[in-house]
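So this block is upload37.csv, CSV, C-alpha atoms:
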```
chain,number,residue,atom,x,y,z
A,540,MET,CA,6.4,-0.8,27.3
A,541,THR,CA,5.9,2.1,29.8
A,542,THR,CA,7.7,5.4,29.9
A,543,GLU,CA,7.7,7.7,32.9
A,544,TRP,CA,8.1,11.5,33.0
A,545,LYS,CA,9.4,13.0,36.3
A,546,LEU,CA,9.4,16.6,37.6
A,547,ASP,CA,11.7,17.2,40.6
A,548,GLY,CA,11.8,13.4,41.1
A,549,ILE,CA,8.0,13.0,41.1
A,550,VAL,CA,6.3,11.0,38.4
A,551,VAL,CA,3.9,13.3,36.7
A,552,ALA,CA,3.1,11.3,33.6
A,553,ASP,CA,3.1,7.7,32.2
A,554,GLY,CA,3.2,6.8,28.6
A,555,PHE,CA,2.3,3.3,27.4
A,556,SER,CA,0.6,1.3,24.6
A,557,ALA,CA,-1.9,-1.5,25.1
A,558,HIS,CA,-2.7,-4.4,22.9
A,559,ASP,CA,-6.3,-4.4,21.4
A,560,TYR,CA,-7.5,-7.1,23.8
A,561,ASN,CA,-5.4,-6.4,26.9
A,562,GLU,CA,-7.8,-4.3,29.1
A,563,THR,CA,-5.8,-5.2,32.2
A,564,ALA,CA,-3.1,-2.7,31.0
A,565,LEU,CA,-5.5,0.1,32.0
A,566,GLN,CA,-6.6,-1.3,35.4
A,567,GLY,CA,-5.4,0.5,38.5
A,568,VAL,CA,-4.9,3.8,36.8
A,569,HIS,CA,-6.2,6.4,39.4
A,570,ALA,CA,-5.2,9.8,40.6
A,571,GLU,CA,-7.0,12.8,42.2
A,572,HIS,CA,-6.3,14.8,39.1
A,573,LEU,CA,-6.0,12.6,36.0
A,574,LEU,CA,-5.6,13.6,32.3
A,575,ILE,CA,-5.7,10.8,29.8
A,576,VAL,CA,-4.4,11.6,26.4
A,577,VAL,CA,-4.9,9.1,23.6
A,578,ASP,CA,-3.2,9.5,20.2
A,579,GLU,CA,-4.3,7.6,17.1
A,580,ALA,CA,-7.7,7.1,18.8
A,581,GLY,CA,-9.2,5.9,15.5
A,582,GLY,CA,-7.3,2.6,15.9
A,583,LEU,CA,-8.6,1.8,19.4
A,584,SER,CA,-10.6,-1.4,19.8
A,585,HIS,CA,-14.0,-1.4,21.6
A,586,LEU,CA,-12.5,-3.3,24.5
A,587,ILE,CA,-9.7,-0.8,25.1
A,588,GLY,CA,-12.1,2.2,24.6
A,589,GLN,CA,-14.5,0.8,27.2
A,590,ALA,CA,-11.6,0.2,29.6
A,591,LEU,CA,-10.6,3.8,29.2
A,592,GLU,CA,-14.1,5.0,30.1
A,593,ALA,CA,-14.2,2.7,33.1
A,594,ILE,CA,-11.4,4.7,34.8
A,595,MET,CA,-13.2,8.0,34.3
A,596,THR,CA,-14.6,7.8,37.8
A,597,GLY,CA,-13.0,10.8,39.5
A,598,GLY,CA,-14.5,14.3,39.4
A,599,HIS,CA,-11.2,15.7,38.1
A,600,THR,CA,-10.6,13.1,35.4
A,601,ARG,CA,-10.5,14.1,31.8
A,602,LEU,CA,-10.1,12.1,28.6
A,603,LEU,CA,-8.6,13.7,25.4
A,604,LEU,CA,-8.9,11.7,22.2
A,605,LEU,CA,-6.8,12.7,19.2
A,606,GLY,CA,-7.0,10.9,15.8
A,607,ASN,CA,-8.3,10.6,12.3
A,608,PRO,CA,-11.5,8.7,11.4
A,609,PRO,CA,-10.5,5.2,10.4
A,610,THR,CA,-10.8,4.5,6.7
A,611,ASP,CA,-10.9,0.7,6.9
A,612,ARG,CA,-14.0,0.1,9.0
A,613,THR,CA,-17.2,1.7,10.2
A,614,ASP,CA,-18.8,1.7,13.7
A,615,SER,CA,-15.4,2.0,15.4
A,616,TRP,CA,-15.2,2.8,19.1
A,617,PHE,CA,-13.8,6.3,18.2
A,618,GLU,CA,-16.8,6.9,15.9
A,619,ARG,CA,-19.2,5.9,18.8
A,620,ALA,CA,-17.4,8.2,21.2
A,621,CYS,CA,-17.6,11.1,18.8
A,622,ALA,CA,-21.3,10.5,18.5
A,623,SER,CA,-21.9,10.4,22.2
A,624,PRO,CA,-23.1,13.5,24.1
A,625,ALA,CA,-20.5,12.7,26.8
A,626,TYR,CA,-17.8,14.0,24.6
A,627,LYS,CA,-17.1,17.5,23.2
A,628,VAL,CA,-16.1,17.0,19.6
A,629,ILE,CA,-13.9,19.4,17.7
A,630,PRO,CA,-13.5,18.3,14.0
A,631,ILE,CA,-10.6,19.8,12.2
A,632,SER,CA,-10.9,19.4,8.4
A,633,ALA,CA,-8.1,20.2,5.9
A,634,PHE,CA,-9.9,23.5,5.2
A,635,ASP,CA,-9.5,24.5,8.9
A,636,THR,CA,-5.7,24.4,8.7
A,637,PRO,CA,-3.4,27.4,8.1
A,638,ALA,CA,-3.0,26.8,4.3
A,639,PHE,CA,-6.7,27.7,4.0
A,640,THR,CA,-7.3,30.0,6.9
A,641,GLY,CA,-4.1,32.1,6.4
A,642,GLU,CA,-3.0,31.8,10.0
A,643,PRO,CA,0.8,32.5,10.4
A,644,VAL,CA,2.7,29.4,11.5
A,645,GLY,CA,6.2,30.1,10.2
A,646,ALA,CA,8.4,27.2,9.1
A,647,TRP,CA,5.9,24.7,10.5
A,648,GLY,CA,3.6,25.4,7.5
A,649,ALA,CA,5.8,23.1,5.3
A,650,ASN,CA,4.7,20.1,7.4
A,651,LEU,CA,1.0,20.8,7.3
A,652,VAL,CA,-1.8,19.9,4.9
A,653,GLY,CA,-1.7,22.2,1.8
A,654,ARG,CA,-3.9,23.1,-1.1
A,655,ASP,CA,-2.0,21.0,-3.6
A,656,TRP,CA,-2.3,17.9,-1.4
A,657,VAL,CA,-6.0,18.3,-1.0
A,658,ASP,CA,-6.5,18.9,-4.8
A,659,GLU,CA,-4.3,15.8,-5.6
A,660,VAL,CA,-6.0,13.3,-3.2
A,661,VAL,CA,-9.6,14.5,-4.2
A,662,ASN,CA,-8.6,14.0,-7.9
A,663,GLU,CA,-7.0,10.7,-7.3
A,664,PHE,CA,-9.2,9.0,-4.8
A,665,GLY,CA,-12.6,10.7,-5.6
A,666,GLU,CA,-14.7,13.1,-3.5
A,667,ASP,CA,-16.7,10.3,-1.9
A,668,SER,CA,-13.9,7.9,-1.1
A,669,PRO,CA,-13.3,6.9,2.5
A,670,PHE,CA,-9.8,8.3,2.4
A,671,VAL,CA,-11.0,11.8,1.3
A,672,GLN,CA,-13.9,11.8,3.7
A,673,ALA,CA,-11.7,10.9,6.6
A,674,ARG,CA,-8.4,12.7,5.8
A,675,VAL,CA,-9.8,15.9,4.1
A,676,TYR,CA,-13.2,16.4,5.7
A,677,ALA,CA,-12.5,14.7,9.0
A,678,ARG,CA,-15.8,12.7,8.6
A,679,PHE,CA,-16.4,9.1,9.5
A,680,PRO,CA,-16.9,7.2,6.2
A,681,ARG,CA,-20.1,5.3,5.6
A,682,THR,CA,-18.4,2.6,3.5
A,683,THR,CA,-14.9,1.2,3.5
A,684,LEU,CA,-14.6,-1.8,1.1
A,685,ARG,CA,-13.2,-0.4,-2.1
A,686,ALA,CA,-11.5,-2.1,-5.0
A,687,ILE,CA,-8.2,-0.5,-6.1
A,688,VAL,CA,-9.0,-0.8,-9.7
A,689,PRO,CA,-12.7,-0.4,-10.8
A,690,PRO,CA,-13.8,-3.0,-13.4
A,691,ASP,CA,-14.8,-0.4,-16.0
A,692,TRP,CA,-11.2,1.0,-15.9
A,693,VAL,CA,-9.9,-2.4,-16.8
A,694,GLU,CA,-12.4,-2.8,-19.6
A,695,GLY,CA,-11.5,0.6,-20.9
A,696,VAL,CA,-7.8,-0.4,-21.6
A,697,SER,CA,-8.5,-4.0,-22.8
A,698,CYS,CA,-7.4,-4.8,-26.3
A,699,ALA,CA,-6.4,-7.7,-28.6
A,700,ASP,CA,-3.0,-6.4,-29.8
A,701,GLU,CA,0.4,-7.8,-29.0
A,702,GLY,CA,1.9,-4.4,-28.7
A,703,ASP,CA,5.4,-3.1,-29.6
A,704,GLY,CA,8.3,-1.5,-27.8
A,705,PRO,CA,10.8,-2.4,-25.1
A,706,VAL,CA,10.1,-5.8,-23.5
A,707,ARG,CA,9.5,-6.2,-19.7
A,708,VAL,CA,8.6,-9.4,-17.9
A,709,GLY,CA,6.8,-10.0,-14.6
A,710,VAL,CA,7.1,-13.3,-12.7
A,711,ASP,CA,4.9,-14.0,-9.7
A,712,VAL,CA,6.1,-17.1,-8.0
A,713,ALA,CA,3.5,-19.2,-6.1
A,714,ALA,CA,4.5,-18.0,-2.6
A,715,ASP,CA,3.0,-15.9,0.1
A,716,GLY,CA,-0.4,-17.7,-0.2
A,717,GLY,CA,-0.3,-17.7,-4.0
A,718,ASP,CA,-1.9,-20.4,-6.1
A,719,GLU,CA,-0.2,-20.1,-9.5
A,720,LEU,CA,3.1,-19.4,-11.1
A,721,ALA,CA,2.3,-16.6,-13.5
A,722,VAL,CA,4.5,-14.9,-16.1
A,723,ALA,CA,3.4,-11.7,-17.9
A,724,VAL,CA,5.1,-9.9,-20.8
A,725,ALA,CA,4.8,-6.2,-21.6
A,726,ARG,CA,5.8,-5.0,-25.0
A,727,GLY,CA,5.8,-1.3,-24.6
A,728,ARG,CA,2.8,-1.0,-22.3
A,729,THR,CA,0.7,-3.7,-23.9
A,730,VAL,CA,0.6,-6.6,-21.4
A,731,SER,CA,-0.4,-10.3,-21.7
A,732,VAL,CA,-0.1,-13.3,-19.5
A,733,VAL,CA,2.0,-15.9,-21.4
A,734,HIS,CA,2.2,-18.6,-18.7
A,735,ALA,CA,0.2,-19.7,-15.7
A,736,SER,CA,0.5,-23.1,-13.9
A,737,ARG,CA,-0.3,-24.5,-10.5
A,738,ARG,CA,2.1,-24.1,-7.6
A,739,ASN,CA,5.7,-24.9,-8.3
A,740,THR,CA,7.8,-25.3,-5.1
A,741,SER,CA,11.1,-26.0,-6.8
A,742,ALA,CA,13.3,-23.0,-7.8
A,743,VAL,CA,14.9,-25.0,-10.5
A,744,SER,CA,11.6,-25.9,-12.2
A,745,VAL,CA,10.2,-22.3,-11.9
A,746,ALA,CA,13.5,-20.9,-13.3
A,747,GLY,CA,13.3,-23.4,-16.2
A,748,ILE,CA,9.8,-22.3,-17.1
A,749,VAL,CA,10.9,-18.6,-17.0
A,750,LEU,CA,14.0,-19.4,-19.2
A,751,ASP,CA,11.7,-21.0,-21.8
A,752,VAL,CA,9.6,-17.9,-21.8
A,753,LEU,CA,12.6,-15.6,-22.2
A,754,THR,CA,14.0,-17.8,-25.0
A,755,GLY,CA,10.7,-17.5,-26.9
A,756,LEU,CA,10.6,-13.8,-26.6
A,757,GLY,CA,13.2,-13.3,-29.4
A,758,VAL,CA,14.9,-10.4,-27.7
A,759,ASP,CA,18.5,-9.5,-28.4
A,760,GLY,CA,21.1,-7.0,-27.2
A,761,GLU,CA,20.5,-6.1,-23.6
A,762,GLY,CA,17.3,-8.1,-23.6
A,763,ALA,CA,14.3,-7.7,-21.4
A,764,ARG,CA,14.0,-6.4,-17.9
A,765,VAL,CA,12.7,-9.4,-15.9
A,766,LYS,CA,11.1,-8.6,-12.5
A,767,VAL,CA,10.7,-11.6,-10.2
A,768,ASP,CA,8.8,-11.9,-7.0
A,769,ALA,CA,11.8,-12.7,-4.7
A,770,ILE,CA,9.9,-13.8,-1.6
A,771,GLY,CA,10.5,-17.5,-0.6
A,772,VAL,CA,11.1,-19.7,-3.6
A,773,GLY,CA,11.5,-16.6,-5.8
A,774,TRP,CA,14.9,-15.8,-4.3
A,775,GLY,CA,16.3,-19.1,-5.6
A,776,VAL,CA,14.7,-18.4,-9.0
A,777,VAL,CA,16.4,-15.0,-9.1
A,778,GLY,CA,19.8,-16.6,-8.4
A,779,LEU,CA,19.5,-19.2,-11.1
A,780,LEU,CA,18.3,-16.7,-13.7
A,781,GLN,CA,21.2,-14.4,-12.9
A,782,ALA,CA,23.7,-17.3,-13.1
A,783,TRP,CA,22.3,-18.3,-16.5
A,784,ALA,CA,22.6,-14.7,-17.7
A,785,ASP,CA,26.3,-14.8,-16.7
A,786,GLU,CA,26.6,-18.1,-18.7
A,787,GLY,CA,25.1,-16.5,-21.7
A,788,ARG,CA,21.9,-18.6,-21.7
A,789,HIS,CA,19.8,-15.4,-22.0
A,790,PRO,CA,20.5,-11.7,-22.4
A,791,CYS,CA,18.0,-10.4,-19.9
A,792,THR,CA,18.4,-8.2,-16.8
A,793,ILE,CA,17.0,-10.0,-13.7
A,794,ILE,CA,15.5,-7.7,-11.0
A,795,PRO,CA,14.4,-9.2,-7.7
A,796,VAL,CA,11.3,-7.5,-6.2
A,797,ASN,CA,10.2,-8.0,-2.6
A,798,VAL,CA,6.9,-6.3,-2.4
A,799,ALA,CA,6.9,-6.5,1.4
A,800,GLU,CA,9.8,-4.0,1.5
A,801,ARG,CA,9.7,-0.2,1.9
A,802,ALA,CA,8.1,1.6,-1.0
A,803,GLY,CA,10.0,4.2,-3.0
A,804,LYS,CA,7.4,6.8,-2.2
A,805,VAL,CA,7.6,6.0,1.5
A,806,SER,CA,5.2,8.7,2.7
A,807,ARG,CA,2.5,7.6,0.2
A,808,TYR,CA,2.6,3.8,0.3
A,809,HIS,CA,2.6,1.2,3.1
A,810,ASN,CA,5.1,-1.0,1.1
A,811,GLN,CA,6.1,-1.9,-2.4
A,812,ARG,CA,2.9,-4.0,-2.9
A,813,ALA,CA,0.8,-1.0,-2.3
A,814,GLU,CA,3.0,1.1,-4.5
A,815,MET,CA,2.9,-1.4,-7.3
A,816,TRP,CA,-0.9,-1.7,-7.2
A,817,TRP,CA,-1.7,2.0,-6.8
A,818,GLU,CA,0.7,3.0,-9.5
A,819,PHE,CA,-1.1,0.6,-11.8
A,820,ARG,CA,-4.4,2.3,-10.9
A,821,LEU,CA,-2.9,5.6,-11.9
A,822,MET,CA,-1.8,4.1,-15.3
A,823,VAL,CA,-5.3,2.9,-16.2
A,824,GLN,CA,-7.6,5.6,-14.8
A,825,PRO,CA,-9.7,7.2,-17.5
A,826,ASP,CA,-7.8,10.5,-17.6
A,827,ALA,CA,-4.3,9.0,-17.3
A,828,GLU,CA,-1.5,10.6,-19.3
A,829,PRO,CA,0.2,8.2,-21.7
A,830,ASP,CA,3.8,7.4,-20.7
A,831,PRO,CA,6.2,9.3,-23.0
A,832,VAL,CA,8.3,6.2,-23.6
A,833,TYR,CA,5.9,3.3,-23.4
A,834,GLY,CA,2.6,4.9,-24.4
A,835,PRO,CA,-0.8,4.1,-22.8
A,836,VAL,CA,-1.4,0.9,-20.9
A,837,ARG,CA,-3.2,-1.8,-23.0
A,838,LEU,CA,-4.3,-5.2,-21.5
A,839,ASN,CA,-4.5,-8.2,-23.9
A,840,ILE,CA,-5.9,-10.5,-21.2
A,841,GLY,CA,-8.8,-12.8,-20.4
A,842,SER,CA,-11.7,-12.7,-18.0
A,843,ARG,CA,-9.7,-14.4,-15.1
A,844,GLU,CA,-7.0,-11.8,-15.3
A,845,ARG,CA,-9.5,-8.9,-15.5
A,846,ALA,CA,-11.3,-10.3,-12.4
A,847,GLN,CA,-8.0,-10.6,-10.5
A,848,LEU,CA,-7.1,-7.0,-11.3
A,849,CYS,CA,-10.3,-5.8,-9.7
A,850,ALA,CA,-10.2,-8.1,-6.7
A,851,PRO,CA,-7.9,-6.5,-4.0
A,852,THR,CA,-9.2,-3.7,-1.8
A,853,TRP,CA,-7.3,-0.9,-0.2
A,854,LYS,CA,-7.3,1.2,3.0
A,855,ALA,CA,-5.2,3.8,4.7
A,856,ASP,CA,-2.8,2.7,7.4
A,857,SER,CA,-2.3,4.5,10.7
A,858,ALA,CA,0.2,6.9,8.9
A,859,GLY,CA,-2.3,7.7,6.2
A,860,ARG,CA,-0.5,5.7,3.5
A,861,VAL,CA,-2.2,3.5,0.9
A,862,GLN,CA,-2.2,-0.2,2.1
A,863,VAL,CA,-3.3,-3.0,-0.2
A,864,GLU,CA,-5.2,-6.1,1.0
A,865,SER,CA,-2.8,-9.0,1.4
A,866,LYS,CA,-3.2,-12.3,-0.4
A,867,ALA,CA,-3.8,-14.0,3.0
A,868,ASP,CA,-6.6,-11.6,3.8
A,869,MET,CA,-8.1,-12.1,0.4
A,870,ARG,CA,-8.2,-15.8,0.9
A,871,ARG,CA,-9.8,-15.4,4.3
A,872,ARG,CA,-12.8,-13.6,2.7
A,873,GLY,CA,-13.0,-16.2,0.0
A,874,ALA,CA,-11.2,-14.4,-2.9
A,875,ARG,CA,-8.6,-16.2,-5.0
A,876,SER,CA,-5.0,-15.1,-4.9
A,877,PRO,CA,-4.4,-12.5,-7.7
A,878,ASP,CA,-1.2,-14.2,-9.0
A,879,ARG,CA,-1.8,-13.4,-12.7
A,880,ALA,CA,-2.6,-9.8,-11.8
A,881,ASP,CA,0.5,-9.5,-9.8
A,882,ALA,CA,2.6,-10.8,-12.7
A,883,ILE,CA,1.0,-8.1,-14.9
A,884,LEU,CA,1.8,-5.4,-12.4
A,885,LEU,CA,5.3,-6.6,-12.0
A,886,ALA,CA,5.9,-6.3,-15.7
A,887,LEU,CA,4.9,-2.7,-15.6
A,888,TYR,CA,6.4,-1.8,-12.2
A,889,ASP,CA,9.7,0.0,-11.7
A,890,PRO,CA,10.8,-1.0,-8.1
A,891,PRO,CA,12.5,1.7,-6.0
A,892,ARG,CA,15.5,-0.5,-5.2
A,893,ALA,CA,16.7,-3.4,-7.4
A,894,SER,CA,19.9,-5.4,-7.8
A,895,LEU,CA,20.5,-5.4,-11.5
A,896,SER,CA,22.7,-8.3,-12.8
A,897,ILE,CA,23.6,-9.3,-16.3
A,898,GLY,CA,26.9,-10.8,-17.2
A,899,ASN,CA,29.6,-8.9,-15.4
A,900,ALA,CA,27.5,-5.8,-14.7
A,901,ARG,CA,27.7,-4.4,-11.2
A,902,PRO,CA,24.5,-4.0,-9.1
A,903,LEU,CA,22.8,-0.7,-9.4
A,904,SER,CA,20.7,0.9,-6.7
A,905,LEU,CA,17.6,2.7,-7.9
A,906,VAL,CA,15.9,5.1,-5.5
A,907,GLN,CA,12.7,7.0,-6.1
A,908,SER,CA,11.2,9.8,-4.0
A,909,SER,CA,8.0,11.7,-3.7
A,910,ARG,CA,6.9,15.1,-2.4
A,911,TRP,CA,3.5,13.7,-1.6
A,912,ASP,CA,3.2,13.5,2.2
A,913,VAL,CA,-0.1,12.0,3.4
A,914,THR,CA,-0.9,13.5,6.7
A,915,GLY,CA,-4.0,13.4,8.8
A,916,ALA,CA,-6.6,16.1,8.3
A,917,SER,CA,-7.5,16.2,12.0
A,918,ARG,CA,-3.9,16.7,13.2
```
Final structure tokens representation of the file:
Amino acid sequence: MTTEWKLDGIVVADGFSAHDYNETALQGVHAEHLLIVVDEAGGLSHLIGQALEAIMTGGHTRLLLLGNPPTDRTDSWFERACASPAYKVIPISAFDTPAFTGEPVGAWGANLVGRDWVDEVVNEFGEDSPFVQARVYARFPRTTLRAIVPPDWVEGVSCADEGDGPVRVGVDVAADGGDELAVAVARGRTVSVVHASRRNTSAVSVAGIVLDVLTGLGVDGEGARVKVDAIGVGWGVVGLLQAWADEGRHPCTIIPVNVAERAGKVSRYHNQRAEMWWEFRLMVQPDAEPDPVYGPVRLNIGSRERAQLCAPTWKADSAGRVQVESKADMRRRGARSPDRADAILLALYDPPRASLSIGNARPLSLVQSSRWDVTGASR
């Protein structure tokens, strides 16, 4: 798509985006005086970057690159350009912004990087993390592959207890590249995987397995909160379990969760999958505060579940939000789908929007919000 800006009927600027491998989009761009402005330069492919340099032939042509160092890869074209003597580089770290320099900016200051944000991300991600190096210090990270949950954190919350407290259930249906149907139960914040079986493609068979689990829980009254992965087959599972609740076959609240949807903390997470995984990271980090209702997280799990919890990696998307590696991407690099881990996280996760249905109860919309706004340090 191309947008033109005109002044007195004369085209003075063109705005367009080019796909990563479409260098022809930049061919034929010439003018006696030409200024090329590139936003989000950290995401440019080598092919497009080289095509931009190819049109820098005129004596009055200038190229302005704006962007943050990418956190998901090293040796990007933007990094190469910033290392070249052909470019004048002006790095702007978080510490060069008005919150730290004291420059007056009026009402705009509320939208800029602040001291609280810097302290929070350094504490949460770590001083040497790619995210902090790129978004706080405006440096190109030397490494990018990072597990969301370090193995020693998982070992630190492992236990052999059943736990006590309100019951929550997570159901990861074998969809979206998954290998297993997995069901996890949290009693308070002590979680265990109570069922795992190879792929089930029938909503009826999956719902029947979940019903057997719910019957065996021995819950009464309002029952457990059951969060079901509602993608694909899972949506039919949700419908059946809700219908069976209306018929009195179980007393549980069924909550559909689509992890591909928008996160509750939309400025912080790419989607609900990222929110679910990163919120779990915060629960198990060594200095985590115990939940006032459920207490600290404890994992009564085996070696396979521990390995799955440490398998996915993360990166920052173009908006600076946390993005978690997809199951499909994990399979491409040879890792197994973390279905049991997803069930554990679903049991602990409170989704931002959920249709709650039990008996004649009416759906209830739950919405979360966050003041944490992840913005680029080099803006």
Cys849 in chain A environment, 8 Å, all atoms listed in the file, sequence neighbours closer than 3 positions dropped, as a list of chain:residue names: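 Residues meeting the cut-off are A:Ala686, A:Ile687, A:Val688, A:Pro689, A:Pro690, A:Val693, A:Arg845, A:Ala846.
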Take the residues that were just selected and, keeping C-alpha atoms, output them as a JSON list (two decimals), in the frame of the given file.
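Below is the file selection_2.json, written as the result:
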```json
[["chain", "number", "residue", "atom", "x", "y", "z"],
["A", 686, "ALA", "CA", -11.50, -2.10, -5.00],
["A", 687, "ILE", "CA", -8.20, -0.50, -6.10],
["A", 688, "VAL", "CA", -9.00, -0.80, -9.70],
["A", 689, "PRO", "CA", -12.70, -0.40, -10.80],
["A", 690, "PRO", "CA", -13.80, -3.00, -13.40],
["A", 693, "VAL", "CA", -9.90, -2.40, -16.80],
["A", 845, "ARG", "CA", -9.50, -8.90, -15.50],
["A", 846, "ALA", "CA", -11.30, -10.30, -12.40]]
```
Counting only C-alpha atoms, what is within 12 Å of Lys627 in chain A, bar same-chain residues fewer than 5 positions away, as a ChimeraX atom specification? /A:601-604,620-622
Residue contacts of Leu780 in chain A (8 Å, only C-alpha atoms) excluding same-chain residues fewer than 2 positions away, as a PDB file with C-alpha atoms, in the coordinates of the input:
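Output file around-v1.pdb is given in full below:
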```
ATOM      1  CA  ALA A 746      13.500 -20.900 -13.300  1.00  0.00           C
ATOM      2  CA  LEU A 750      14.000 -19.400 -19.200  1.00  0.00           C
ATOM      3  CA  VAL A 776      14.700 -18.400  -9.000  1.00  0.00           C
ATOM      4  CA  VAL A 777      16.400 -15.000  -9.100  1.00  0.00           C
ATOM      5  CA  GLY A 778      19.800 -16.600  -8.400  1.00  0.00           C
ATOM      6  CA  ALA A 782      23.700 -17.300 -13.100  1.00  0.00           C
ATOM      7  CA  TRP A 783      22.300 -18.300 -16.500  1.00  0.00           C
ATOM      8  CA  ALA A 784      22.600 -14.700 -17.700  1.00  0.00           C
ATOM      9  CA  ILE A 793      17.000 -10.000 -13.700  1.00  0.00           C
TER      10      ILE A 793
END
```
Closest atom pairs, residues of range 804-856 of chain A within 6 Å of range 721-742 of chain A, all atoms listed in the file, as a Markdown table:
```
| residue | atom | partner | partner_atom | distance |
| --- | --- | --- | --- | --- |
| A:Tyr833 | CA | A:Gly727 | CA | 4.8 |
| A:Val836 | CA | A:Arg728 | CA | 4.8 |
| A:Arg837 | CA | A:Thr729 | CA | 4.4 |
| A:Leu838 | CA | A:Val730 | CA | 5.1 |
| A:Asn839 | CA | A:Ser731 | CA | 5.1 |
| A:Ile840 | CA | A:Ser731 | CA | 5.5 |
```
Please produce an output containing C-alpha atoms for each residue in the selection, written as a PDB file, keeping the file's coordinate frame.
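Final file, selection-v9.pdb:
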```
ATOM      1  CA  TYR A 833       5.900   3.300 -23.400  1.00  0.00           C
ATOM      2  CA  VAL A 836      -1.400   0.900 -20.900  1.00  0.00           C
ATOM      3  CA  ARG A 837      -3.200  -1.800 -23.000  1.00  0.00           C
ATOM      4  CA  LEU A 838      -4.300  -5.200 -21.500  1.00  0.00           C
ATOM      5  CA  ASN A 839      -4.500  -8.200 -23.900  1.00  0.00           C
ATOM      6  CA  ILE A 840      -5.900 -10.500 -21.200  1.00  0.00           C
TER       7      ILE A 840
END
```
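When CA of Leu583 in chain A is paired with CA of Asp553 in chain A, their separation reads 18.3 Å.
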Calculated over all atoms listed in the file, which of the candidates A:Gln672, A:Thr613, A:Gln781, A:Ser556 has the smallest distance to Pro795 in chain A?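 Among A:Gln672, A:Thr613, A:Gln781, A:Ser556, it is A:Gln781 that comes nearest to Pro795 in chain A.
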Any idea what the distance is between CA of Ile594 in chain A and CA of Leu574 in chain A? 10.9 Å
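Proximity to Val758 in chain A at 10 Å, evaluated using only C-alpha atoms and with sequence-adjacent residues fewer than 3 positions away removed, yields A:Pro705, A:Val706, A:Leu753, A:Thr754, A:Gly755, A:Glu761, A:Gly762, A:Ala763, A:His789, A:Pro790, A:Cys791.
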What does the structure give for the distance between CA of Leu779 in chain A and CA of Pro891 in chain A, in Å to one decimal?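 One can read the CA of Leu779 in chain A to CA of Pro891 in chain A distance as 22.6 Å.
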Nearest to Glu814 in chain A, chosen from A:Val745, A:Ile794, A:Ala769, A:Leu887, with only C-alpha atoms counted in the distances: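 Checking each candidate against Glu814 in chain A, we get A:Leu887 as the closest.
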Distance criterion (all atoms listed in the file): nearest to Ile631 in chain A out of A:Phe670, A:Trp647, A:Tyr676, A:Phe555: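 Closest to Ile631 in chain A of all the choices is A:Tyr676.
Shortest atom-to-atom contact with Ile883 in chain A among A:Gly648, A:Gly588, A:Pro630, A:Gly709: A:Gly709, counting only C-alpha atoms.
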Contacts of Thr610 in chain A at 10 Å (all atoms listed in the file; same-chain gap of 3+ positions) as number ranges by chain: A: 581, 607, 613, 668-674, 678-684, 853-857, 859
Between A:Ala593, A:Val550, A:Trp816, A:Pro851, which residue has the minimum interatomic distance to Ala867 in chain A, considering all atoms listed in the file? A:Pro851
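Residue nearest Lys804 in chain A within the list A:Pro637, A:Asp889, A:Val743, A:Trp616: A:Asp889 [criterion: smallest interatomic distance, all atoms listed in the file].
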N, CA and C atoms are what I want for range 764-773 of chain A; can you complete it accordingly and write them as a PDB file, in the frame of the given file?
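Now in result_32.pdb:
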```pdb
ATOM      1  N   ARG A 764      13.869  -6.598 -19.310  1.00  0.00           N
ATOM      2  CA  ARG A 764      14.000  -6.400 -17.900  1.00  0.00           C
ATOM      3  C   ARG A 764      12.977  -7.400 -17.228  1.00  0.00           C
ATOM      4  N   VAL A 765      13.485  -8.334 -16.426  1.00  0.00           N
ATOM      5  CA  VAL A 765      12.700  -9.400 -15.900  1.00  0.00           C
ATOM      6  C   VAL A 765      12.555  -9.165 -14.348  1.00  0.00           C
ATOM      7  N   LYS A 766      11.340  -8.847 -13.898  1.00  0.00           N
ATOM      8  CA  LYS A 766      11.100  -8.600 -12.500  1.00  0.00           C
ATOM      9  C   LYS A 766      10.477  -9.794 -11.831  1.00  0.00           C
ATOM     10  N   VAL A 767      11.158 -10.356 -10.837  1.00  0.00           N
ATOM     11  CA  VAL A 767      10.700 -11.600 -10.200  1.00  0.00           C
ATOM     12  C   VAL A 767      10.364 -11.375  -8.771  1.00  0.00           C
ATOM     13  N   ASP A 768       9.187 -11.872  -8.373  1.00  0.00           N
ATOM     14  CA  ASP A 768       8.800 -11.900  -7.000  1.00  0.00           C
ATOM     15  C   ASP A 768       9.808 -12.700  -6.195  1.00  0.00           C
ATOM     16  N   ALA A 769      10.604 -12.029  -5.350  1.00  0.00           N
ATOM     17  CA  ALA A 769      11.800 -12.700  -4.700  1.00  0.00           C
ATOM     18  C   ALA A 769      11.468 -13.250  -3.350  1.00  0.00           C
ATOM     19  N   ILE A 770      10.199 -13.295  -2.941  1.00  0.00           N
ATOM     20  CA  ILE A 770       9.900 -13.800  -1.600  1.00  0.00           C
ATOM     21  C   ILE A 770       9.864 -15.372  -1.694  1.00  0.00           C
ATOM     22  N   GLY A 771      10.462 -16.020  -0.705  1.00  0.00           N
ATOM     23  CA  GLY A 771      10.500 -17.500  -0.600  1.00  0.00           C
ATOM     24  C   GLY A 771      11.210 -18.122  -1.769  1.00  0.00           C
ATOM     25  N   VAL A 772      10.525 -19.014  -2.492  1.00  0.00           N
ATOM     26  CA  VAL A 772      11.100 -19.700  -3.600  1.00  0.00           C
ATOM     27  C   VAL A 772      11.682 -18.766  -4.651  1.00  0.00           C
ATOM     28  N   GLY A 773      11.069 -17.604  -4.775  1.00  0.00           N
ATOM     29  CA  GLY A 773      11.500 -16.600  -5.800  1.00  0.00           C
ATOM     30  C   GLY A 773      12.926 -16.218  -5.677  1.00  0.00           C
TER      31      GLY A 773
END
```
